[in-house]
file data37.cif (mmCIF, C-alpha atoms)
data_run
#
loop_
_atom_site.group_PDB
_atom_site.id
_atom_site.type_symbol
_atom_site.label_atom_id
_atom_site.label_comp_id
_atom_site.auth_asym_id
_atom_site.auth_seq_id
_atom_site.Cartn_x
_atom_site.Cartn_y
_atom_site.Cartn_z
ATOM 1 C CA MET P 11 0.000 0.000 0.000
ATOM 2 C CA ILE P 12 1.471 3.341 -1.000
ATOM 3 C CA LYS P 13 1.762 6.158 1.517
ATOM 4 C CA ILE P 14 -1.089 8.334 0.174
ATOM 5 C CA GLU P 15 -3.457 5.380 0.539
ATOM 6 C CA ARG P 16 -2.363 4.837 4.137
ATOM 7 C CA LEU P 17 -2.757 8.528 4.965
ATOM 8 C CA LEU P 18 -6.285 8.558 3.576
ATOM 9 C CA SER P 19 -7.094 5.378 5.486
ATOM 10 C CA ILE P 20 -5.741 6.787 8.752
ATOM 11 C CA LEU P 21 -7.700 10.014 8.194
ATOM 12 C CA VAL P 22 -10.849 7.955 7.671
ATOM 13 C CA ALA P 23 -10.226 6.074 10.917
ATOM 14 C CA LEU P 24 -9.632 9.305 12.877
ATOM 15 C CA LEU P 25 -12.783 10.894 11.509
ATOM 16 C CA ASN P 26 -14.879 7.894 12.478
ATOM 17 C CA LYS P 27 -13.428 7.105 15.923
ATOM 18 C CA GLU P 28 -12.398 9.379 18.794
ATOM 19 C CA VAL P 29 -9.263 7.351 19.565
ATOM 20 C CA VAL P 30 -7.468 4.741 17.468
ATOM 21 C CA SER P 31 -4.470 2.764 18.751
ATOM 22 C CA ALA P 32 -1.296 2.483 16.683
ATOM 23 C CA ASP P 33 -1.574 -1.311 17.035
ATOM 24 C CA GLU P 34 -5.059 -1.262 15.501
ATOM 25 C CA LEU P 35 -3.931 0.889 12.571
ATOM 26 C CA ALA P 36 -0.795 -1.187 11.983
ATOM 27 C CA LYS P 37 -2.791 -4.417 11.944
ATOM 28 C CA LYS P 38 -5.510 -3.008 9.666
ATOM 29 C CA LEU P 39 -3.056 -1.499 7.184
ATOM 30 C CA GLU P 40 -0.514 -4.349 7.463
ATOM 31 C CA VAL P 41 2.497 -2.168 8.270
ATOM 32 C CA SER P 42 4.736 -1.638 11.294
ATOM 33 C CA LYS P 43 3.849 0.667 14.194
ATOM 34 C CA ARG P 44 6.891 2.783 13.293
ATOM 35 C CA THR P 45 5.390 3.345 9.832
ATOM 36 C CA ILE P 46 2.087 4.355 11.436
ATOM 37 C CA TYR P 47 3.903 6.881 13.662
ATOM 38 C CA ARG P 48 5.607 8.393 10.601
ATOM 39 C CA ASP P 49 2.284 8.610 8.761
ATOM 40 C CA ILE P 50 0.650 10.307 11.751
ATOM 41 C CA GLU P 51 3.471 12.858 11.775
ATOM 42 C CA SER P 52 2.823 13.496 8.067
ATOM 43 C CA LEU P 53 -0.838 14.187 8.834
ATOM 44 C CA GLY P 54 0.239 16.637 11.526
ATOM 45 C CA LEU P 55 2.552 18.342 9.055
ATOM 46 C CA SER P 56 -0.397 18.835 6.723
ATOM 47 C CA GLY P 57 -2.133 20.895 9.429
ATOM 48 C CA LEU P 58 -4.522 18.320 10.869
ATOM 49 C CA PRO P 59 -4.649 18.565 14.694
ATOM 50 C CA VAL P 60 -3.573 14.984 15.429
ATOM 51 C CA ILE P 61 -2.951 14.395 19.138
ATOM 52 C CA THR P 62 -1.735 11.524 21.304
ATOM 53 C CA ILE P 63 -3.994 10.296 24.090
ATOM 54 C CA HIS P 64 -2.331 8.484 26.990
ATOM 55 C CA GLY P 65 -3.822 5.942 29.371
ATOM 56 C CA ARG P 66 -5.212 2.427 29.123
ATOM 57 C CA ASN P 67 -7.477 3.366 26.228
ATOM 58 C CA GLY P 68 -4.939 5.673 24.618
ATOM 59 C CA GLY P 69 -3.915 6.069 21.007
ATOM 60 C CA VAL P 70 -4.177 8.853 18.448
ATOM 61 C CA GLY P 71 -7.108 11.066 17.583
ATOM 62 C CA LEU P 72 -8.152 14.478 16.351
ATOM 63 C CA MET P 73 -8.303 17.344 18.824
ATOM 64 C CA PRO P 74 -11.810 17.397 20.388
ATOM 65 C CA SER P 75 -12.345 21.048 19.441
ATOM 66 C CA TYR P 76 -11.544 20.294 15.797
ATOM 67 C CA LYS P 77 -14.345 20.753 13.265
ATOM 68 C CA MET P 78 -13.987 20.470 9.526
ATOM 69 C CA ASP P 79 -14.652 23.780 7.819
ATOM 70 C CA LYS P 80 -16.232 23.766 4.347
ATOM 71 C CA TYR P 81 -13.372 26.081 3.379
ATOM 72 C CA LEU P 82 -10.649 23.732 4.652
ATOM 73 C CA PHE P 83 -10.618 22.221 1.134
ATOM 74 C CA SER P 84 -11.608 23.948 -2.082
ATOM 75 C CA ASP P 85 -14.412 22.306 -4.072
ATOM 76 C CA LYS P 86 -11.827 21.169 -6.615
ATOM 77 C CA GLU P 87 -9.697 19.587 -3.893
ATOM 78 C CA LYS P 88 -12.730 17.851 -2.397
ATOM 79 C CA LEU P 89 -13.597 16.363 -5.785
ATOM 80 C CA LYS P 90 -10.042 15.054 -6.175
ATOM 81 C CA ILE P 91 -10.138 13.430 -2.736
ATOM 82 C CA ILE P 92 -13.551 11.888 -3.404
ATOM 83 C CA GLU P 93 -12.411 10.539 -6.792
ATOM 84 C CA SER P 94 -9.237 9.145 -5.218
ATOM 85 C CA LEU P 95 -11.244 7.381 -2.533
ATOM 86 C CA ARG P 96 -13.643 5.920 -5.068
ATOM 87 C CA MET P 97 -10.741 4.437 -7.016
ATOM 88 C CA GLN P 98 -9.403 2.604 -3.968
ATOM 89 C CA HIS P 99 -10.776 -0.913 -4.368
ATOM 90 C CA ASN P 100 -8.717 -2.670 -1.728
ATOM 91 C CA ILE P 101 -8.718 -0.450 1.378
ATOM 92 C CA LEU P 102 -11.419 0.236 3.887
ATOM 93 C CA GLN P 103 -14.231 0.504 1.336
ATOM 94 C CA GLU P 104 -16.954 0.923 3.964
ATOM 95 C CA ASP P 105 -15.014 3.606 5.801
ATOM 96 C CA ASN P 106 -14.141 5.326 2.528
ATOM 97 C CA GLN P 107 -17.827 5.668 1.725
ATOM 98 C CA VAL P 108 -18.377 7.418 5.064
ATOM 99 C CA LEU P 109 -15.663 9.962 4.259
ATOM 100 C CA ILE P 110 -16.968 10.434 0.727
ATOM 101 C CA GLU P 111 -20.414 11.269 2.092
ATOM 102 C CA LYS P 112 -18.937 13.715 4.606
ATOM 103 C CA LEU P 113 -16.919 15.511 1.936
ATOM 104 C CA GLU P 114 -19.845 15.620 -0.479
ATOM 105 C CA ASN P 115 -22.018 17.132 2.231
ATOM 106 C CA LEU P 116 -19.531 19.978 2.540
ATOM 107 C CA LYS P 117 -19.631 20.925 -1.150
ATOM 108 C CA GLY P 118 -21.307 24.283 -1.676
ATOM 109 C CA ASP P 119 -23.841 23.765 1.118
ATOM 110 C CA GLU P 120 -24.443 27.037 2.948
ATOM 111 C CA SER P 121 -25.958 25.139 5.879
ATOM 112 C CA PHE P 122 -22.376 24.295 6.834
ATOM 113 C CA SER P 123 -21.306 27.938 7.049
ATOM 114 C CA ASN P 124 -21.406 27.811 10.853
ATOM 115 C CA LEU P 125 -18.610 25.225 10.983
ATOM 116 C CA SER P 126 -15.169 26.515 11.810
ATOM 117 C CA PHE P 127 -11.613 25.228 11.966
ATOM 118 C CA TYR P 128 -10.361 25.766 15.487
ATOM 119 C CA SER P 129 -6.729 26.227 16.385
ATOM 120 C CA PRO P 130 -4.892 22.900 16.657
ATOM 121 C CA THR P 131 -2.522 24.206 19.344
ATOM 122 C CA ILE P 132 -2.837 24.949 23.045
ATOM 123 C CA HIS P 133 -1.159 28.364 22.832
ATOM 124 C CA ARG P 134 -2.430 31.926 22.989
ATOM 125 C CA THR P 135 -3.429 33.534 19.699
ATOM 126 C CA GLU P 136 -0.322 35.745 19.695
ATOM 127 C CA ILE P 137 1.990 32.772 20.258
ATOM 128 C CA GLU P 138 0.194 30.790 17.586
ATOM 129 C CA GLN P 139 0.625 33.601 15.048
ATOM 130 C CA GLU P 140 4.344 33.762 15.835
ATOM 131 C CA THR P 141 4.568 29.993 15.377
ATOM 132 C CA LYS P 142 2.764 30.127 12.013
ATOM 133 C CA GLU P 143 5.353 32.608 10.760
ATOM 134 C CA LYS P 144 8.126 30.204 11.818
ATOM 135 C CA LEU P 145 6.366 27.345 10.053
ATOM 136 C CA THR P 146 6.608 29.193 6.735
ATOM 137 C CA THR P 147 10.401 29.474 6.990
ATOM 138 C CA LEU P 148 10.843 25.945 8.321
ATOM 139 C CA ARG P 149 8.733 24.364 5.588
ATOM 140 C CA GLY P 150 10.715 26.335 3.025
ATOM 141 C CA ALA P 151 13.979 25.022 4.457
ATOM 142 C CA ILE P 152 12.683 21.433 4.334
ATOM 143 C CA SER P 153 11.447 21.709 0.732
ATOM 144 C CA GLN P 154 14.700 23.373 -0.396
ATOM 145 C CA LYS P 155 16.821 20.933 1.646
ATOM 146 C CA LYS P 156 18.682 23.835 3.267
ATOM 147 C CA LYS P 157 20.294 24.136 6.692
ATOM 148 C CA LEU P 158 19.087 26.496 9.421
ATOM 149 C CA LYS P 159 20.917 28.352 12.163
ATOM 150 C CA ILE P 160 18.771 28.708 15.256
ATOM 151 C CA LYS P 161 18.923 30.126 18.757
ATOM 152 C CA TYR P 162 17.233 27.581 20.998
ATOM 153 C CA ILE P 163 16.063 27.763 24.613
ATOM 154 C CA SER P 164 16.001 24.418 26.426
ATOM 155 C CA LEU P 165 13.367 23.440 28.980
ATOM 156 C CA ASN P 166 15.857 24.399 31.718
ATOM 157 C CA GLY P 167 16.454 27.830 30.185
ATOM 158 C CA ASP P 168 19.861 27.134 28.601
ATOM 159 C CA ILE P 169 20.456 29.227 25.460
ATOM 160 C CA THR P 170 22.372 27.562 22.636
ATOM 161 C CA SER P 171 23.167 28.286 19.007
ATOM 162 C CA ARG P 172 22.630 25.330 16.663
ATOM 163 C CA VAL P 173 23.084 24.533 12.986
ATOM 164 C CA ILE P 174 20.444 22.017 11.989
ATOM 165 C CA SER P 175 19.163 20.150 8.946
ATOM 166 C CA PRO P 176 15.347 20.084 9.244
ATOM 167 C CA SER P 177 13.466 17.059 7.929
ATOM 168 C CA ASN P 178 9.968 17.048 9.391
ATOM 169 C CA ILE P 179 7.422 19.123 11.323
ATOM 170 C CA VAL P 180 5.273 17.410 13.926
ATOM 171 C CA LEU P 181 2.165 18.493 15.833
ATOM 172 C CA THR P 182 1.901 16.548 19.073
ATOM 173 C CA ASN P 183 0.072 17.192 22.334
ATOM 174 C CA GLY P 184 -0.953 20.656 21.187
ATOM 175 C CA SER P 185 2.542 21.917 20.278
ATOM 176 C CA TRP P 186 4.591 22.068 17.076
ATOM 177 C CA TYR P 187 8.015 20.400 16.933
ATOM 178 C CA LEU P 188 10.772 20.415 14.321
ATOM 179 C CA GLU P 189 12.625 17.162 13.678
ATOM 180 C CA ALA P 190 16.171 17.878 12.514
ATOM 181 C CA TYR P 191 19.757 16.665 12.489
ATOM 182 C CA CYS P 192 21.707 18.786 14.983
ATOM 183 C CA GLU P 193 25.388 19.372 14.168
ATOM 184 C CA LYS P 194 26.096 20.277 17.800
ATOM 185 C CA ARG P 195 24.760 16.953 19.111
ATOM 186 C CA LYS P 196 25.691 14.919 16.005
ATOM 187 C CA ASP P 197 22.275 13.288 16.093
ATOM 188 C CA ARG P 198 18.589 13.767 15.319
ATOM 189 C CA ARG P 199 16.695 15.976 17.757
ATOM 190 C CA MET P 200 13.188 17.378 18.275
ATOM 191 C CA PHE P 201 12.997 21.181 18.698
ATOM 192 C CA LYS P 202 9.861 22.796 20.110
ATOM 193 C CA LEU P 203 8.940 25.731 17.873
ATOM 194 C CA THR P 204 8.033 28.092 20.713
ATOM 195 C CA ARG P 205 11.601 27.671 22.029
ATOM 196 C CA ILE P 206 13.233 28.502 18.690
ATOM 197 C CA ARG P 207 13.809 32.203 19.293
ATOM 198 C CA GLU P 208 15.821 33.007 16.143
ATOM 199 C CA HIS P 209 16.104 31.133 12.850
ATOM 200 C CA PHE P 210 18.094 31.915 9.712
ATOM 201 C CA LEU P 211 18.240 30.040 6.426
ATOM 202 C CA ILE P 212 21.799 28.983 5.491
ATOM 203 C CA ASP P 213 22.753 28.519 1.866
ATOM 204 C CA GLU P 214 24.125 25.027 2.480
ATOM 205 C CA LYS P 215 22.655 21.657 1.603
ATOM 206 C CA SER P 216 21.071 19.971 4.587
ATOM 207 C CA ILE P 217 22.470 16.708 5.915
ATOM 208 C CA GLN P 218 20.241 13.805 4.943
ATOM 209 C CA MET P 219 19.962 10.982 7.449
ATOM 210 C CA GLU P 220 18.198 8.329 5.394
ATOM 211 C CA GLY P 221 17.176 5.290 7.389
ATOM 212 C CA LYS P 222 18.067 6.870 10.727
ATOM 213 C CA GLU P 223 15.048 7.641 12.866
ATOM 214 C CA ILE P 224 14.391 9.196 16.238
ATOM 215 C CA ASP P 225 13.492 6.558 18.778
ATOM 216 C CA LEU P 226 9.794 7.131 19.426
ATOM 217 C CA THR P 227 9.672 4.629 22.281
ATOM 218 C CA THR P 228 7.943 6.173 25.286
ATOM 219 C CA ILE P 229 8.563 4.915 28.821
ATOM 220 C CA TYR P 230 5.477 5.305 30.977
ATOM 221 C CA GLU P 231 5.262 5.423 34.745
ATOM 222 C CA GLN P 232 2.220 4.925 36.931
ATOM 223 C CA ALA P 233 1.327 7.987 39.003
ATOM 224 C CA GLU P 234 -1.031 8.268 41.957
ATOM 225 C CA LEU P 235 -2.237 11.706 43.047
ATOM 226 C CA ILE P 236 -4.642 12.931 45.729
ATOM 227 C CA PHE P 237 -6.702 16.087 45.053
ATOM 228 C CA HIS P 238 -9.066 18.178 47.143
ATOM 229 C CA ARG P 239 -12.694 17.376 46.442
ATOM 230 C CA ASN P 240 -13.314 20.868 44.984
ATOM 231 C CA GLN P 241 -10.921 20.162 42.073
ATOM 232 C CA LEU P 242 -13.220 17.613 40.424
ATOM 233 C CA GLY P 243 -14.378 19.893 37.598
ATOM 234 C CA LYS P 244 -10.814 20.780 36.622
ATOM 235 C CA LEU P 245 -9.694 17.142 36.743
ATOM 236 C CA TYR P 246 -12.003 16.164 33.894
ATOM 237 C CA ASP P 247 -9.985 18.517 31.680
ATOM 238 C CA PHE P 248 -6.997 16.192 32.092
ATOM 239 C CA PHE P 249 -8.081 12.702 33.143
ATOM 240 C CA LEU P 250 -10.388 9.911 31.983
ATOM 241 C CA GLU P 251 -13.390 8.754 33.996
ATOM 242 C CA GLU P 252 -11.711 5.440 34.823
ATOM 243 C CA GLU P 253 -8.611 7.250 36.127
ATOM 244 C CA ILE P 254 -10.612 9.239 38.705
ATOM 245 C CA GLU P 255 -11.779 7.719 42.009
ATOM 246 C CA ILE P 256 -14.127 10.018 43.934
ATOM 247 C CA GLN P 257 -14.140 9.713 47.735
ATOM 248 C CA ASN P 258 -16.095 11.709 50.347
ATOM 249 C CA ASN P 259 -13.410 14.286 51.093
ATOM 250 C CA TYR P 260 -10.819 13.763 48.398
ATOM 251 C CA ILE P 261 -10.217 12.478 44.878
ATOM 252 C CA LYS P 262 -7.648 9.850 43.961
ATOM 253 C CA VAL P 263 -6.247 9.816 40.425
ATOM 254 C CA ASN P 264 -4.243 6.943 38.905
ATOM 255 C CA PHE P 265 -2.779 7.407 35.421
ATOM 256 C CA LYS P 266 0.250 6.660 33.267
ATOM 257 C CA TYR P 267 2.513 9.486 32.130
ATOM 258 C CA ASP P 268 5.537 9.876 29.898
ATOM 259 C CA SER P 269 8.544 9.726 32.229
ATOM 260 C CA ASN P 270 10.523 11.975 29.859
ATOM 261 C CA ARG P 271 8.076 14.834 30.374
ATOM 262 C CA ASN P 272 8.333 17.357 33.196
ATOM 263 C CA LEU P 273 5.137 16.924 35.222
ATOM 264 C CA ILE P 274 6.006 19.560 37.846
ATOM 265 C CA PRO P 275 4.479 22.608 36.047
ATOM 266 C CA PHE P 276 1.235 20.655 35.676
ATOM 267 C CA LEU P 277 1.167 19.810 39.402
ATOM 268 C CA LEU P 278 1.895 23.410 40.388
ATOM 269 C CA MET P 279 -1.305 24.463 38.582
ATOM 270 C CA PHE P 280 -3.210 22.883 41.469
ATOM 271 C CA GLY P 281 -1.230 24.620 44.233
ATOM 272 C CA SER P 282 -1.898 23.147 47.674
ATOM 273 C CA THR P 283 -4.870 21.081 46.452
ATOM 274 C CA VAL P 284 -2.752 18.167 45.187
ATOM 275 C CA ASP P 285 -0.442 15.657 46.849
ATOM 276 C CA VAL P 286 1.801 13.128 45.102
ATOM 277 C CA ILE P 287 1.606 9.571 46.443
ATOM 278 C CA ASN P 288 3.577 7.692 43.757
ATOM 279 C CA PRO P 289 6.090 7.389 42.213
ATOM 280 C CA GLN P 290 8.496 8.445 44.930
ATOM 281 C CA THR P 291 10.843 10.144 42.446
ATOM 282 C CA LEU P 292 8.040 12.425 41.260
ATOM 283 C CA LYS P 293 6.977 13.078 44.853
ATOM 284 C CA GLN P 294 10.508 14.139 45.790
ATOM 285 C CA GLU P 295 10.834 16.381 42.722
ATOM 286 C CA TYR P 296 7.522 18.039 43.548
ATOM 287 C CA TYR P 297 8.449 18.648 47.194
ATOM 288 C CA ASN P 298 11.833 20.035 46.156
ATOM 289 C CA GLU P 299 10.112 22.526 43.873
ATOM 290 C CA LEU P 300 7.655 23.519 46.609
ATOM 291 C CA ASN P 301 10.564 24.079 49.012
ATOM 292 C CA LYS P 302 12.301 26.311 46.458
ATOM 293 C CA ILE P 303 9.139 28.390 46.069
ATOM 294 C CA HIS P 304 8.660 28.592 49.840
ATOM 295 C CA LYS P 305 12.283 29.669 50.348
ATOM 296 C CA LYS P 306 12.001 32.340 47.669
ATOM 297 C CA ILE P 307 8.852 33.751 49.274
ATOM 298 C CA ASN P 308 10.589 33.884 52.679
ATOM 299 C CA ASP P 309 13.689 35.525 51.198
ATOM 300 C CA ASP P 310 11.563 38.129 49.392
ATOM 301 C CA ASN P 311 9.619 38.863 52.583
ATOM 302 C CA GLN P 312 12.838 39.333 54.563
ATOM 303 C CA LEU P 313 14.212 41.710 51.939
ATOM 304 C CA SER P 314 11.034 43.764 52.071
ATOM 305 C CA TYR P 315 11.566 44.411 55.792
ATOM 306 C CA ILE P 316 15.160 45.624 55.459
ATOM 307 C CA PRO P 317 15.172 49.294 56.575
#
call {"tool": "encode", "arguments": {"input": "data37.cif", "output": "structure tokens"}}
result
Amino acid sequence: MIKIERLLSILVALLNKEVVSADELAKKLEVSKRTIYRDIESLGLSGLPVITIHGRNGGVGLMPSYKMDKYLFSDKEKLKIIESLRMQHNILQEDNQVLIEKLENLKGDESFSNLSFYSPTIHRTEIEQETKEKLTTLRGAISQKKKLKIKYISLNGDITSRVISPSNIVLTNGSWYLEAYCEKRKDRRMFKLTRIREHFLIDEKSIQMEGKEIDLTTIYEQAELIFHRNQLGKLYDFFLEEEIEIQNNYIKVNFKYDSNRNLIPFLLMFGSTVDVINPQTLKQEYYNELNKIHKKINDDNQLSYIP
């Protein structure tokens, strides 16, 4: 099956189900999970708000706020997609028919004028506009196979200058990332677009790393948190029903999280209304951060009383 067929098939699956596992897609399309991950990244590059959902029933899906706008495709483009789907005799015929009907319903029907295409990112409008401007340059560098020089801010605030060879743009968990070969690290890296503070096109051919891929393996850890009872409404913004256990005076949450991600900023959103039970490493990190904040407050208060 060629790539365009797989992309159309994955799009069909995402439009018809809220969450689809990579295993399910790989089995249905008879390819490896790694191939599915690459195809999902390609869909993200095209502008579709594909997100990853963690947990026991996790997988990939389209952002819940996403709605297909009648102006997302021109009528000519819709006709091409419909014709392409109709010519596919071997893949997901029943699902294809569903997508064909959806696209046909969007053609020139003013009753769909109230549909809109919501932002696929989690950022403020101003940040999103800045990111869109970066995307134009980055896509140009990829298509021209040119290098970029960037100023990059790490999660810890370190500022570095890098020369990179961009190869792909990925939308994941509400943020845009640039996949590129980094000459400083001599390896492939993922750069978050909001942390790329300067970027310049270099008139040098980019380094192609055919066959070498970023390891997409994610190591999950089980977390157990205790929240105040009055946080229930907010918790449904982040957790599944089966991950939440409601007690009389408190709420217990059990979920799996990516151990490579910094969970501390998320926990600090809840202030004193959350306590970490497990894992112990996360608990210690959280308490260390709380102690730093407490010490800073005390130091600032003491300075304010100096005559």
call {"tool": "residues_around", "arguments": {"input": "data37.cif", "residues": "P:Phe248", "least_positions_apart": "2", "cutoff": "12 Å", "atoms": "only C-alpha atoms", "output": "list in words"}}
result
Ile63, His64, Gly65, Gln241, Leu242, Gly243, Lys244, Leu245, Tyr246, Leu250, Glu251, Glu253, Ile254, Val263, Asn264, Phe265, Tyr267, Phe276, Leu277 and Met279 of chain P
call {"tool": "closest_residue", "arguments": {"input": "data37.cif", "among": "P:Leu158, P:Leu278, P:Leu53, P:Ala36", "to": "P:Ile303", "atoms": "only C-alpha atoms"}}
result
P:Leu278
call {"tool": "residues_around", "arguments": {"input": "data37.cif", "residues": "P:Ile274", "least_positions_apart": "2", "cutoff": "12 Å", "atoms": "all atoms listed in the file", "output": "list of chain:residue names"}}
result
P:Ser269, P:Asn270, P:Arg271, P:Asn272, P:Phe276, P:Leu277, P:Leu278, P:Met279, P:Phe280, P:Gly281, P:Val284, P:Asp285, P:Val286, P:Thr291, P:Leu292, P:Lys293, P:Gln294, P:Glu295, P:Tyr296, P:Tyr297, P:Asn298, P:Glu299, P:Leu300
call {"tool": "atom_distance", "arguments": {"input": "data37.cif", "atom1": "atom CA of P:Ile236", "atom2": "atom CA of P:Lys266"}}
result
14.8 Å
call {"tool": "residues_around", "arguments": {"input": "data37.cif", "residues": "P:Lys159", "least_positions_apart": "3", "cutoff": "8 Å", "atoms": "all atoms listed in the file", "output": "VMD selection string"}}
result
chain P and resid 171 to 174 208 to 212
call {"tool": "write_last_selection", "arguments": {"input": "data37.cif", "atoms": "C-alpha atoms", "output": "short mmCIF file (atom, residue, chain, number, x, y, z; two decimals), in the frame of the given file"}}
result
data_model
loop_
_atom_site.label_atom_id
_atom_site.label_comp_id
_atom_site.auth_asym_id
_atom_site.auth_seq_id
_atom_site.Cartn_x
_atom_site.Cartn_y
_atom_site.Cartn_z
CA SER P 171 23.17 28.29 19.01
CA ARG P 172 22.63 25.33 16.66
CA VAL P 173 23.08 24.53 12.99
CA ILE P 174 20.44 22.02 11.99
CA GLU P 208 15.82 33.01 16.14
CA HIS P 209 16.10 31.13 12.85
CA PHE P 210 18.09 31.92 9.71
CA LEU P 211 18.24 30.04 6.43
CA ILE P 212 21.80 28.98 5.49
#
call {"tool": "resolve_selection", "arguments": {"input": "data37.cif", "expression": "the PyMOL selection byres ((chain P and resi 199) around 9)", "output": "ChimeraX atom specification"}}
result
/P:188-192,195,197-198,200-201,224
call {"tool": "write_last_selection", "arguments": {"input": "data37.cif", "atoms": "C-alpha atoms", "output": "short mmCIF file (atom, residue, chain, number, x, y, z; two decimals), keeping the file's coordinate frame"}}
result
data_model
loop_
_atom_site.label_atom_id
_atom_site.label_comp_id
_atom_site.auth_asym_id
_atom_site.auth_seq_id
_atom_site.Cartn_x
_atom_site.Cartn_y
_atom_site.Cartn_z
CA LEU P 188 10.77 20.42 14.32
CA GLU P 189 12.62 17.16 13.68
CA ALA P 190 16.17 17.88 12.51
CA TYR P 191 19.76 16.66 12.49
CA CYS P 192 21.71 18.79 14.98
CA ARG P 195 24.76 16.95 19.11
CA ASP P 197 22.28 13.29 16.09
CA ARG P 198 18.59 13.77 15.32
CA MET P 200 13.19 17.38 18.27
CA PHE P 201 13.00 21.18 18.70
CA ILE P 224 14.39 9.20 16.24
#
call {"tool": "closest_residue", "arguments": {"input": "data37.cif", "among": "P:Thr141, P:Gln232, P:Ser31, P:Thr146", "to": "P:Tyr187", "atoms": "all atoms listed in the file"}}
result
P:Thr141
call {"tool": "atom_distance", "arguments": {"input": "data37.cif", "atom1": "atom CA of P:Asp49", "atom2": "atom CA of P:Asn178"}}
result
11.4 Å
call {"tool": "decode", "arguments": {"input": "data37.cif", "residues": "stretch 37-54 of chain P", "atoms": "N, CA and C atoms", "output": "compact mmCIF listing (two decimals), in the first residue's frame"}}
result
# COMPACT_ATOMS: atom_id res chain seq x y z
N LYS P 37 -2.21 -3.12 12.31
CA LYS P 37 -2.79 -4.42 11.94
C LYS P 37 -3.72 -4.27 10.74
N LYS P 38 -4.55 -3.20 10.75
CA LYS P 38 -5.51 -3.01 9.67
C LYS P 38 -4.82 -2.70 8.35
N LEU P 39 -3.74 -1.92 8.41
CA LEU P 39 -3.06 -1.50 7.18
C LEU P 39 -1.86 -2.38 6.83
N GLU P 40 -1.57 -3.37 7.71
CA GLU P 40 -0.51 -4.35 7.46
C GLU P 40 0.86 -3.70 7.30
N VAL P 41 1.18 -2.80 8.23
CA VAL P 41 2.50 -2.17 8.27
C VAL P 41 2.97 -2.16 9.72
N SER P 42 4.20 -1.69 9.94
CA SER P 42 4.74 -1.64 11.29
C SER P 42 4.19 -0.43 12.05
N LYS P 43 4.26 -0.47 13.38
CA LYS P 43 3.85 0.67 14.19
C LYS P 43 4.71 1.89 13.89
N ARG P 44 6.00 1.66 13.61
CA ARG P 44 6.89 2.78 13.29
C ARG P 44 6.41 3.51 12.04
N THR P 45 5.94 2.74 11.05
CA THR P 45 5.39 3.34 9.83
C THR P 45 4.15 4.16 10.16
N ILE P 46 3.29 3.63 11.04
CA ILE P 46 2.09 4.36 11.44
C ILE P 46 2.46 5.67 12.11
N TYR P 47 3.47 5.66 12.99
CA TYR P 47 3.90 6.88 13.66
C TYR P 47 4.39 7.91 12.65
N ARG P 48 5.12 7.45 11.63
CA ARG P 48 5.61 8.39 10.60
C ARG P 48 4.44 8.98 9.81
N ASP P 49 3.44 8.13 9.50
CA ASP P 49 2.28 8.61 8.76
C ASP P 49 1.49 9.63 9.57
N ILE P 50 1.37 9.38 10.88
CA ILE P 50 0.65 10.31 11.75
C ILE P 50 1.37 11.66 11.80
N GLU P 51 2.70 11.62 11.81
CA GLU P 51 3.47 12.86 11.78
C GLU P 51 3.22 13.60 10.47
N SER P 52 3.10 12.87 9.37
CA SER P 52 2.82 13.50 8.07
C SER P 52 1.47 14.19 8.08
N LEU P 53 0.48 13.56 8.73
CA LEU P 53 -0.84 14.19 8.83
C LEU P 53 -0.75 15.47 9.66
N GLY P 54 0.05 15.43 10.72
CA GLY P 54 0.24 16.64 11.53
C GLY P 54 0.90 17.74 10.73
